[in-house]
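Peer 1: Just dropping this structure here.
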Amino acid sequence: MSKEVKTESVSLDPLGAAAAPEQGLLCIFGTGDMGRSLGQRLLQSGYKVVYGSRRPHSCGPLPQGAQVMSHAAAAQSASVVFLCVHREHYDFLEELALQLKGKVLVDVSNNLKKNLYPEANAEYLQRLVPGAYVVKAFNTLSAWALQNGPSDANRQVFLCGNNAEAKQAVAEAATKLCFSVLDRGSLSAARELEDFPLRLFPEWRLPLRIAVGLTAFFFFYVLIRDVIYAYVDQGKNISFRIMVSLANKVFPIVSLIMLALCYLPGVIAAFLQLYRGTKYRRFPDWLDRWMLCRKQLGLLALGFASLHVLYTLLIPIRYYVRFKIAASTISQIKENRTSEFDQTLAWRTDSYFSMGILGFCLFLLLGITSFPSVSNALSWREFSFIQSKLGYLTLFFCTFHTYLYGWDRFLRPSTYKWYTPPGYMLALVVPSLVLIFKLLLLLPCVDRTLMRIRQGWERCDVEDNSKKSLLT
Amino acid sequence: MSKEVKTESVSLDPLGAAAAPEQGLLCIFGTGDMGRSLGQRLLQSGYKVVYGSRRPHSCGPLPQGAQVMSHAAAAQSASVVFLCVHREHYDFLEELALQLKGKVLVDVSNNLKKNLYPEANAEYLQRLVPGAYVVKAFNTLSAWALQNGPSDANRQVFLCGNNAEAKQAVAEAATKLCFSVLDRGSLSAARELEDFPLRLFPEWRLPLRIAVGLTAFFFFYVLIRDVIYAYVDQGKNISFRIMVSLANKVFPIVSLIMLALCYLPGVIAAFLQLYRGTKYRRFPDWLDRWMLCRKQLGLLALGFASLHVLYTLLIPIRYYVRFKIAASTISQIKENRTSEFDQTLAWRTDSYFSMGILGFCLFLLLGITSFPSVSNALSWREFSFIQSKLGYLTLFFCTFHTYLYGWDRFLRPSTYKWYTPPGYMLALVVPSLVLIFKLLLLLPCVDRTLMRIRQGWERCDVEDNSKKSLLT
Amino acid sequence: MSKEVKTESVSLDPLGAAAAPEQGLLCIFGTGDMGRSLGQRLLQSGYKVVYGSRRPHSCGPLPQGAQVMSHAAAAQSASVVFLCVHREHYDFLEELALQLKGKVLVDVSNNLKKNLYPEANAEYLQRLVPGAYVVKAFNTLSAWALQNGPSDANRQVFLCGNNAEAKQAVAEAATKLCFSVLDRGSLSAARELEDFPLRLFPEWRLPLRIAVGLTAFFFFYVLIRDVIYAYVDQGKNISFRIMVSLANKVFPIVSLIMLALCYLPGVIAAFLQLYRGTKYRRFPDWLDRWMLCRKQLGLLALGFASLHVLYTLLIPIRYYVRFKIAASTISQIKENRTSEFDQTLAWRTDSYFSMGILGFCLFLLLGITSFPSVSNALSWREFSFIQSKLGYLTLFFCTFHTYLYGWDRFLRPSTYKWYTPPGYMLALVVPSLVLIFKLLLLLPCVDRTLMRIRQGWERCDVEDNSKKSLLT
């Protein structure tokens, strides 16, 4: 008694197909790329495969060992039918209603665009052939993976369908092809599965736009203040500084602002709840969207921080830096100056570096815990401890690092070329605000009220309003 | 025939509830935070939801579309009841025994502390309502995740319960809410699931304490030997060195010792087995606990090693270092000295750096393979090859790196200020011992005996003892 | 009604064993290491355990609480039998055919080598005891994990077997021991499961050999050109440069070549398809094998790139470098030279560093997305976007970085010592070819043809051939 026997007969008895399908036999409609790849792989895994075709005698090269029949005969002969046809050609299935009755009909199709049709392909199919048990599956895999077995982003087969036995039959076949199966529930999830292969980092778009916008703005800001100012004011061409010095000013600025932008929406939400006196009113849409992309904001900030670290560590190898140091040593000797060792400067720069390193290492830790496999292994309490407590500590270290960089230059007029503040001062605005607001929220009286609101308590005067604006 | 139909009717027929529950309808007891969030999400996913309440007419704002009834009527109407009530209020369920008979009762509750009650909430509930099929589920999720769907540490719903069909019904609902389901077995696992959300890195506590202890000790040790000695002996204030120089002495010391502490228990266990002549006697408790936190010890050691790398690479940017180098160049010129290039010194320092880099990269590799998703993809043989063979190689590189750092200073009396050895010498004790012991274990005669013991062989004279102390 | 009851009785009724097995009782054959560990763990998890032994009264120490019986009595008493015996001793099971009829027989065995026997142990067992339901399971775990519960590479229990109910019974037991279960299909997958624990990075062997080969070749090449040439030509001993300078020449060369080798097979495959005019003919075997190890090639290349980064950042701390810089400053002063600041040199070196850093960061991103947990979370389109588009960008940055390193030295005769080109020029050959070929493939006319071929179109003149060489 082999497994294939079970697989094939699973939905046979209770449903009574027109004729007894052959055991261990799978049917594929469609001789295109998907159909061929799937058939070949199924044959290699020990299944018998029959193709259904409009013109069984002229349908091009098929995998060795596969039979070709008319659609009706093929559907009759098997209990599971894989439909590897484009949605536009589904019409012919209506005529096969009788043969497909009680069969498992696996919809493998994908669309070229999102929202091309009002309903999902699989739901349309179910409406077309109401007697069959439609299962959406395999559509998230590439044809290459179907032919060669699981590889990197092609390990999981997402399933959905209204019939548990039908899903089980498809899951067994997928397991046998070495894929791991993820049941996504009833057929109403089909739309989601059909949109999945078309996805191209939707949740990264807003953060990426913010990153590109900030980078562009600060690049030109720093370019004007540094390179162009030097050229206009002193006639010096220091354009070579663009490649490293300017980049190493822009990256940390963008990184710090984006890190602060991760924590700003949480602070805003808290103040909104305090102001409203209830947590049962929805946040505005922009705040919801912002909160949902905090992780991506943080990871991009970490990327910029890593660039900043590498650019900084590279400094002493640069020709320009070596030249400058040698020139300063030579001029010291020639002018017979002896510069005194400045204890304060040593303390300040060393603290500045230390803060930066500690902040970066904590930031790395935040990044590591956002790996799916790591965050899955954490309890909710552990995850929020790291992302919230250690997150604010990271923000504090990085902000402090930037303040130490500025030091007494905040008060020096020469810093403000063309009456503009240097980039790092602009970068300090958002993080400082976030940290100040967070400190306010940690005051015992505020903290207590917020805690009560979050536990469900409502201020009396808002109760009426909140009842009107019920959760939707 | 939709999936919801199946879900609802799953445990109906064989058990005969008082009246036929409505299909596709779920019942929630409790209108608190969890109850509301869960109800809202279930409604969004296409379920019908009815709330059971003591006072159906005054229970505050509920999600739009949900009905409210008395407890009895609500329990009657559905076949799955989600219990979103604190354990202290479970008593009212005893009166509903009739309505809950044969129903799936999902216990979502959590406690505020571990070991507050002698038995798990779910087990207590099962005792209270013996006729219901209690399933523990959803308790590891935050209310926010219940309302908004899966996010980082809230992707998995852990289930346990004594009835497979009841678990299946709950698993279907969880799948429909897009969570992935992990079955943890029978209801006796409920305690574990209830402790999970309260967990805060229990397995990291011992390693963290060791790390903090070692860091504190070596910080003060190095502080006294470096900064205070310089002040007392030569009247020089070099306190600025605390931020970077001292940190960069303490971090590698702690890292090396902790790396060695990962491998020490394995060596001790081997010698214990050799001494006892059998592997069938339990190790002492402290050794068991030590062996279970080796991974955490190693990851902390890797963190300290990373800090050491960053601090080291930063050296040439420091003001103090640049000042010193310039001063030395200037003094060379003024005194008209010409220092000879020292081949041995070049070999030694370059070897020292090379060993350090190779050791660190191997260490990183060890860290990467301890990611859950990576180690799950490895066979046991592969994992132990990396963690054991490459692990000892890492320890060897790092120890050798430290010996090269010391070089001939081991013999110089000026090294031993106030008769104390420098920190790195103390750091070398444990790793050297581990490496020597490991070498002893690799001697053919010892290795052969150990292998035989590990394959189950016992030395004759101990057989009687070992039989008495059977495995427990 | 507890879960154990269900587990035990699962395959009882329909199959009619000789006598009613006791409920909640598991049987273990074999009192070796695996048998003892498994028994102890099962006992701890609440199961009753009985051992079957040839000599029930003298079988050595067993876990406390376990009973010992004759094989026949033990098999009779339980419905699940764990077989912890070597394959060579399976013969005795033939005599137990009656007692094992309808029982779940779990094969835990492993072999010492691959392909020792013509058929898998579990398949042999099924042939030996055709009346039992053989399930292959637990063999991928170490005895230590069986005794102590899941740990790093021992979290998953792979199952296979022909009977779904038997697999379910074993899956429940594995779940109860806290392992996660992965169903691998029918018993024909047993061979794969038995080979798994013997695996030692098979897919890494070819890439590792390439890496070692390239490293060895370029090490000696650079050694001869740098160290030996300097000794022969100028009589200078610069052997100290081996440790860092030479390593830092070899690592980037190997890294760049291996990165290019990741992308070369894809380009070759495209040209092969263009030449053949069809995609329905198999690639040569060497190309298939090459394409399957691209990920490993890339990760090794990333490892070498990381070493290159660390060695490079270390440069300014080296004694040799500090000595050279000081010497150059001193000689400038003594000879009263003033070197001019070279704008072009500054642009060039800074661009060179920038390209390197950006290339390395993109490379890191490629590495991070190849983590199983990250690539599983990506859609196929997202994964191929990163690995292909960003991959080529990485290759371009790294190649450009190397060209900038060479700069005008390509034309200087003094570069070609002993008429050999420096290592980095050799390193540029493969990446340049890959980039040129890729550019050719991106030409609109070529791109369009390739796209059509990949969508299934075939050039007329080859259609006959391709039909003959059907996919196998």
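Residues in the structure tokens are named by chain (A, B, ... in the order shown) and by number from 1 within that chain; ligands are numbered from 1 in the order shown.
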Could you please select, counting only C-alpha atoms, the residues of chain C within 8 Å of chain A and state them as a PyMOL selection string?

Peer 2: chain C and resi 161-164+183-186+313+315-316+329+333+341+343+345-347+349-351+353-354+357-358+361+370+372-383+455-456+466-467+470-472

Peer 1: Would you please give, as number ranges by chain, all residues of region 102-177 of chain B that DSSP assigns to strand (DSSP E or B) based on the backbone?

Peer 2: B: 104-107, 133-136, 151, 154, 156-161

Peer 1: Could you pull out the alpha helix (DSSP H) residues of region 99-293 of chain A from DSSP and send them as number ranges by chain?

Peer 2: A: 99-100, 121-128, 143-148, 164-176, 190-195, 205-223, 229-234, 247-276, 285-292

Peer 1: Do you know which residues are at most 8 Å from Cys293 (chain A) counting only C-alpha atoms, after dropping those on the same chain fewer than 2 positions away, and could you put them as a PyMOL selection string?

Peer 2: chain A and resi 203-204+206-207+289-291+295-297

Peer 1: Store the residues picked out above, limited to all heavy atoms, as a short mmCIF file (atom, residue, chain, number, x, y, z; two decimals), in the first residue's frame.

Peer 2:
```cif
data_model
loop_
_atom_site.label_atom_id
_atom_site.label_comp_id
_atom_site.auth_asym_id
_atom_site.auth_seq_id
_atom_site.Cartn_x
_atom_site.Cartn_y
_atom_site.Cartn_z
N GLU A 203 6.61 47.15 1.10
CA GLU A 203 6.75 47.78 2.41
C GLU A 203 8.05 48.57 2.53
O GLU A 203 8.26 49.28 3.52
CB GLU A 203 6.62 46.74 3.52
CG GLU A 203 7.79 45.78 3.67
CD GLU A 203 7.72 44.61 2.70
OE1 GLU A 203 7.13 44.79 1.61
OE2 GLU A 203 8.24 43.53 3.01
N TRP A 204 8.93 48.44 1.54
CA TRP A 204 10.19 49.18 1.56
C TRP A 204 10.10 50.48 0.78
O TRP A 204 11.03 51.28 0.81
CB TRP A 204 11.32 48.32 0.94
CG TRP A 204 11.78 47.25 1.83
CD1 TRP A 204 11.26 45.98 1.92
CD2 TRP A 204 12.84 47.29 2.79
NE1 TRP A 204 11.93 45.25 2.86
CE2 TRP A 204 12.91 46.03 3.40
CE3 TRP A 204 13.74 48.29 3.17
CZ2 TRP A 204 13.85 45.74 4.39
CZ3 TRP A 204 14.68 47.99 4.14
CH2 TRP A 204 14.72 46.74 4.75
N LEU A 206 8.12 53.34 0.85
CA LEU A 206 8.10 54.60 1.59
C LEU A 206 9.44 54.86 2.28
O LEU A 206 10.04 55.93 2.09
CB LEU A 206 6.94 54.57 2.59
CG LEU A 206 6.74 55.86 3.39
CD1 LEU A 206 6.46 57.03 2.49
CD2 LEU A 206 5.59 55.68 4.39
N PRO A 207 9.96 53.89 3.05
CA PRO A 207 11.28 54.13 3.68
C PRO A 207 12.38 54.44 2.66
O PRO A 207 13.21 55.32 2.91
CB PRO A 207 11.56 52.80 4.40
CG PRO A 207 10.23 52.20 4.65
CD PRO A 207 9.36 52.62 3.51
N ARG A 289 0.33 54.02 8.78
CA ARG A 289 1.28 53.62 7.74
C ARG A 289 2.72 53.80 8.22
O ARG A 289 3.60 52.98 7.93
CB ARG A 289 1.06 54.45 6.48
CG ARG A 289 -0.07 53.92 5.62
CD ARG A 289 -0.28 54.77 4.41
NE ARG A 289 0.89 54.83 3.54
CZ ARG A 289 1.12 55.81 2.68
NH1 ARG A 289 0.28 56.82 2.59
NH2 ARG A 289 2.21 55.80 1.94
N TRP A 290 2.95 54.90 8.91
CA TRP A 290 4.29 55.18 9.43
C TRP A 290 4.73 54.07 10.40
O TRP A 290 5.85 53.57 10.32
CB TRP A 290 4.24 56.54 10.12
CG TRP A 290 5.55 57.13 10.48
CD1 TRP A 290 6.78 56.54 10.42
CD2 TRP A 290 5.76 58.45 10.96
NE1 TRP A 290 7.75 57.42 10.82
CE2 TRP A 290 7.15 58.61 11.17
CE3 TRP A 290 4.93 59.53 11.24
CZ2 TRP A 290 7.70 59.79 11.65
CZ3 TRP A 290 5.50 60.70 11.72
CH2 TRP A 290 6.86 60.82 11.92
N MET A 291 3.81 53.71 11.30
CA MET A 291 4.16 52.70 12.30
C MET A 291 4.45 51.34 11.65
O MET A 291 5.25 50.57 12.16
CB MET A 291 3.04 52.57 13.32
CG MET A 291 2.97 53.78 14.24
SD MET A 291 1.64 53.66 15.45
CE MET A 291 2.52 52.94 16.83
N LYS A 295 10.21 49.10 10.97
CA LYS A 295 11.29 48.14 10.83
C LYS A 295 12.16 48.44 9.62
O LYS A 295 13.40 48.42 9.70
CB LYS A 295 10.68 46.74 10.70
CG LYS A 295 11.69 45.63 10.53
CD LYS A 295 10.97 44.31 10.48
CE LYS A 295 11.87 43.22 9.93
NZ LYS A 295 11.16 41.93 9.89
N GLN A 296 11.51 48.75 8.50
CA GLN A 296 12.27 49.05 7.28
C GLN A 296 13.07 50.35 7.44
O GLN A 296 14.22 50.43 6.99
CB GLN A 296 11.32 49.16 6.09
CG GLN A 296 10.83 47.82 5.55
CD GLN A 296 9.77 47.19 6.43
OE1 GLN A 296 9.09 47.87 7.19
NE2 GLN A 296 9.63 45.88 6.35
N LEU A 297 12.46 51.35 8.06
CA LEU A 297 13.20 52.59 8.35
C LEU A 297 14.46 52.27 9.15
O LEU A 297 15.55 52.76 8.85
CB LEU A 297 12.32 53.55 9.15
CG LEU A 297 11.31 54.41 8.39
CD1 LEU A 297 10.40 55.12 9.39
CD2 LEU A 297 12.03 55.43 7.53
#
```

Peer 1: State, in Å with one decimal place, the distance from CA of Ala166 (chain C) to CA of Leu187 (chain B).

Peer 2: 21.9 Å
